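*Asks:* The structure that follows is given in the form of structure tokens.
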Amino acid sequence: MSGNPFSGRKVAVGIAKETVRGTGVNPAFWLGWTSTDLADMGKSQMNNSAINVLDENQSAVVVETTGGGKIDGIVPDQGFGLVLYSLFGGYAVASHAGETLVKDHTFSESQSNQSQSVTLTRKDPNVTNQFALSMLKTLSLDVVAGDYVKFSSDWVTQPSTTATVTPAFIQENNFISKNATLKFATTVAGLGTATAVNVKDIKLNFDKKVNPYFVIGQNNPNEIFAEGFTVKGDMTLLYTDDTYKNYRFQNTPMAALLDLKNTAVTIGTSSNPEIQLQLSQAYFTEWKPAQPIDGMVEQSVTFEGTFSIASGYEAQAILTNLVTTY
């Protein structure tokens, strides 16, 4: 063993947008993480040909090599832009109203199976691995009263190559549950004036149906395709009326907005770090009351986004921060 032992906190994870798909680049941002298992992976095929012995296998060969894994953490206001870029694929930037340094980054759905790829980097005291053609498979945003806003992500990548980089973390602004607002309205236009819903927790789950595609002549993926897009929300709130039960059983579509705005931090002249996640059309697909003999009666509600022909999209995000462009 030539390297030195090290603890998990000595591992750094970086992310960068790829200009040329599948060509690795050094990190533009380093992500603080709470859990990660980013690593090389592979599939071995056993040779079980009979050779006049009872032993079932006589050799093995590696037939597929990939990479990927989880990256979980607390949602930051700058590096998280590349996670959103990976999720949605479409991107535009403009100055925030009344500001020059503050920017609004709009992430919109790309309908391409080859949406924006990134390079993920894992560095520990002994080795640095870069995973090119990293495609976001799933992303969850979790807002629970009394806690940080957290994310959980799962990635599919090419097998890693070695690199030489030095981590350069920056001070980012995070979001807590106090910064969160959830709204529903019959139209997207009505979300701005809609009344906030008093939920105990809300979780958004995105799935891009990402899968590697293998061809003969090589072990690593020829491509990594995004094959679909779904978003589901789960929330818990007090059972005070039948509003959400009626939405569920009357099959009422609603627009939804989860707004994270850190009003404790001022950027630019008078703005705040903010993430707005909007669903243009969602249907309530599950509703259930929880009535313990001791404790408050609550309801758990699930809604699922759908593509809106009128709006031309299912979901989008707007990130407001001091980053010039992604």
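The chains in the structure tokens are called A, B, ... from first to last as shown; in each chain the residues are counted from 1, and the ligands are counted from 1 in the order shown.
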Can you pull out every residue within 8 Å of Gly24 in chain A, counting only C-alpha atoms, but drop anything in the same chain fewer than 2 positions away, and send it as a PDB file with C-alpha atoms, in the first residue's frame?
*Replies:*
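File out38.pdb, as written:
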ATOM      1  CA  GLU A  18     -18.429  20.117 -20.396  1.00  0.00           C
ATOM      2  CA  GLY A  22     -17.421  13.510 -22.873  1.00  0.00           C
ATOM      3  CA  ASN A  26     -11.398  20.616 -14.123  1.00  0.00           C
ATOM      4  CA  VAL A 118     -20.706  17.632 -16.753  1.00  0.00           C
ATOM      5  CA  THR A 119     -17.431  16.308 -15.415  1.00  0.00           C
ATOM      6  CA  GLN A 130     -12.308  12.657 -13.081  1.00  0.00           C
ATOM      7  CA  PHE A 131     -15.552  11.219 -14.421  1.00  0.00           C
ATOM      8  CA  ALA A 132     -16.336  12.638 -17.860  1.00  0.00           C
ATOM      9  CA  LEU A 133     -19.755  12.452 -19.516  1.00  0.00           C
TER      10      LEU A 133
END
*Asks:* Excluding same-chain residues fewer than 5 positions from range 61-74 of chain A, what lies within 8 Å of it counting only C-alpha atoms, as a PyMOL selection string?
*Replies:* chain A and resi 31-47+131+134+148-160+174-175+219-221
*Asks:* Do you know which residues are at most 12 Å from Leu84 in chain A counting only C-alpha atoms, after dropping those on the same chain fewer than 6 positions away, and could you put them as a ChimeraX atom specification?
*Replies:* /A:15,17,75-78,90-91,105-110,115-118,135-141,151,153,206,275-277,315-319,326
*Asks:* Would you mind listing what lies within 7 Å of Leu182 in chain A as a list in words, with only C-alpha atoms counted and same-chain residues fewer than 3 positions away left out?
*Replies:*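 Close residues of Leu182 in chain A: Ala196, Val197, Leu257, Leu258 and Asp259 of chain A.
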*Asks:* Could you dump the residues just selected with N, CA and C atoms as a CSV table (one decimal), in the first residue's frame?
*Replies:*
chain,number,residue,atom,x,y,z
A,196,ALA,N,-49.3,31.0,0.4
A,196,ALA,CA,-48.4,29.9,0.7
A,196,ALA,C,-49.1,28.9,1.6
A,197,VAL,N,-48.7,27.6,1.3
A,197,VAL,CA,-49.2,26.5,2.0
A,197,VAL,C,-48.3,26.1,3.2
A,257,LEU,N,-45.2,26.0,-7.2
A,257,LEU,CA,-43.9,26.7,-7.0
A,257,LEU,C,-43.3,26.5,-5.7
A,258,LEU,N,-42.1,26.0,-5.7
A,258,LEU,CA,-41.3,25.9,-4.4
A,258,LEU,C,-40.2,26.9,-4.5
A,259,ASP,N,-40.3,27.9,-3.7
A,259,ASP,CA,-39.4,29.1,-3.7
A,259,ASP,C,-38.5,29.1,-2.5
*Asks:* Which distance in Å separates CA of Val265 in chain A and CA of Asn198 in chain A, to one decimal?
*Replies:*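 Computing the Euclidean distance for CA of Val265 in chain A and CA of Asn198 in chain A yields 23.4 Å.
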*Asks:* Could you list, as a list in words, every residue within 7 Å of Lys123 in chain A, counting only C-alpha atoms and ignoring same-chain residues fewer than 4 positions away?
*Replies:* Val11, Ala12, Val13, Val127, Thr128 and Asn129 of chain A
*Asks:* I'd like to know which residues of range 60-117 of chain A are helix (DSSP H, G or I) (by DSSP, run on the backbone); could you write them as an MDAnalysis selection string?
*Replies:* chainID A and resid 80:88
*Asks:* Once DSSP has gone over the backbone, tell me which residues of range 52-134 of chain A are in strand (DSSP E), as JSON, numbers by chain.
*Replies:* {"A": [59, 60, 61, 62, 63, 64, 65, 66, 67, 68, 69, 70, 71, 72, 73, 74, 89, 90, 91, 92, 93, 94, 95, 103, 104, 105, 106, 107, 108, 109, 118, 119, 120, 121, 122, 123, 128, 129, 130, 131, 132, 133, 134]}
*Asks:* Could you please take those selected residues and save C-alpha atoms as a PDB file, in the first residue's frame?
*Replies:*
ATOM      1  CA  SER A  59     -12.087 -17.652 -15.262  1.00  0.00           C
ATOM      2  CA  ALA A  60     -13.670 -14.198 -15.496  1.00  0.00           C
ATOM      3  CA  VAL A  61     -13.460 -11.130 -17.695  1.00  0.00           C
ATOM      4  CA  VAL A  62     -14.544  -7.515 -17.278  1.00  0.00           C
ATOM      5  CA  VAL A  63     -17.146  -6.772 -19.972  1.00  0.00           C
ATOM      6  CA  GLU A  64     -18.497  -3.343 -18.932  1.00  0.00           C
ATOM      7  CA  THR A  65     -16.889  -0.385 -17.176  1.00  0.00           C
ATOM      8  CA  THR A  66     -18.758   2.713 -16.018  1.00  0.00           C
ATOM      9  CA  GLY A  67     -18.709   5.160 -13.148  1.00  0.00           C
ATOM     10  CA  GLY A  68     -21.122   7.116 -11.007  1.00  0.00           C
ATOM     11  CA  GLY A  69     -22.877   7.072  -7.687  1.00  0.00           C
ATOM     12  CA  LYS A  70     -24.469   9.388  -5.152  1.00  0.00           C
ATOM     13  CA  ILE A  71     -23.658  12.930  -4.170  1.00  0.00           C
ATOM     14  CA  ASP A  72     -25.814  14.281  -1.334  1.00  0.00           C
ATOM     15  CA  GLY A  73     -25.498  17.560   0.494  1.00  0.00           C
ATOM     16  CA  ILE A  74     -26.889  20.901   1.622  1.00  0.00           C
ATOM     17  CA  GLY A  89     -30.406  20.809 -19.936  1.00  0.00           C
ATOM     18  CA  GLY A  90     -31.574  24.223 -21.210  1.00  0.00           C
ATOM     19  CA  TYR A  91     -30.050  27.480 -19.996  1.00  0.00           C
ATOM     20  CA  ALA A  92     -30.349  31.265 -20.285  1.00  0.00           C
ATOM     21  CA  VAL A  93     -29.002  34.108 -18.144  1.00  0.00           C
ATOM     22  CA  ALA A  94     -30.114  37.699 -17.616  1.00  0.00           C
ATOM     23  CA  SER A  95     -29.526  40.473 -15.099  1.00  0.00           C
ATOM     24  CA  LYS A 103     -28.023  37.315 -12.351  1.00  0.00           C
ATOM     25  CA  ASP A 104     -31.111  35.189 -12.958  1.00  0.00           C
ATOM     26  CA  HIS A 105     -30.167  31.809 -14.395  1.00  0.00           C
ATOM     27  CA  THR A 106     -33.152  30.103 -16.020  1.00  0.00           C
ATOM     28  CA  PHE A 107     -32.880  26.334 -16.444  1.00  0.00           C
ATOM     29  CA  SER A 108     -35.477  24.989 -18.859  1.00  0.00           C
ATOM     30  CA  GLU A 109     -36.226  21.504 -20.097  1.00  0.00           C
ATOM     31  CA  VAL A 118     -20.706  17.632 -16.753  1.00  0.00           C
ATOM     32  CA  THR A 119     -17.431  16.308 -15.415  1.00  0.00           C
ATOM     33  CA  LEU A 120     -17.400  15.167 -11.804  1.00  0.00           C
ATOM     34  CA  THR A 121     -14.117  15.058  -9.904  1.00  0.00           C
ATOM     35  CA  ARG A 122     -13.335  13.069  -6.767  1.00  0.00           C
ATOM     36  CA  LYS A 123     -10.103  13.973  -4.999  1.00  0.00           C
ATOM     37  CA  THR A 128      -7.729  12.382  -8.151  1.00  0.00           C
ATOM     38  CA  ASN A 129     -10.341  10.798 -10.420  1.00  0.00           C
ATOM     39  CA  GLN A 130     -12.308  12.657 -13.081  1.00  0.00           C
ATOM     40  CA  PHE A 131     -15.552  11.219 -14.421  1.00  0.00           C
ATOM     41  CA  ALA A 132     -16.336  12.638 -17.860  1.00  0.00           C
ATOM     42  CA  LEU A 133     -19.755  12.452 -19.516  1.00  0.00           C
ATOM     43  CA  SER A 134     -21.457  12.608 -16.118  1.00  0.00           C
TER      44      SER A 134
END
*Asks:* Work out how far apart CA of Ala194 in chain A and CA of Ile309 in chain A are and give it in Å to one decimal.
*Replies:*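 Distance reported for this atom pair: 22.4 Å.
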*Asks:* Do you know which residues are at most 7 Å from Phe225 in chain A counting only C-alpha atoms, after dropping those on the same chain fewer than 6 positions away, and could you put them as a PDB file with N, CA and C atoms, in the first residue's frame?
*Replies:*
ATOM      1  N   ASN A 113     -32.069  13.809 -25.999  1.00  0.00           N
ATOM      2  CA  ASN A 113     -31.596  12.646 -25.250  1.00  0.00           C
ATOM      3  C   ASN A 113     -30.150  12.814 -24.815  1.00  0.00           C
ATOM      4  N   GLN A 114     -29.440  13.765 -25.417  1.00  0.00           N
ATOM      5  CA  GLN A 114     -28.056  14.062 -25.067  1.00  0.00           C
ATOM      6  C   GLN A 114     -28.001  15.461 -24.444  1.00  0.00           C
ATOM      7  N   VAL A 210     -31.843   8.032 -16.960  1.00  0.00           N
ATOM      8  CA  VAL A 210     -30.540   7.998 -17.618  1.00  0.00           C
ATOM      9  C   VAL A 210     -29.968   6.586 -17.623  1.00  0.00           C
ATOM     10  N   ASN A 211     -29.481   6.144 -18.794  1.00  0.00           N
ATOM     11  CA  ASN A 211     -28.912   4.812 -18.929  1.00  0.00           C
ATOM     12  C   ASN A 211     -27.707   4.840 -19.862  1.00  0.00           C
ATOM     13  N   PRO A 212     -26.668   4.068 -19.548  1.00  0.00           N
ATOM     14  CA  PRO A 212     -25.528   3.955 -20.467  1.00  0.00           C
ATOM     15  C   PRO A 212     -25.903   3.074 -21.660  1.00  0.00           C
TER      16      PRO A 212
END
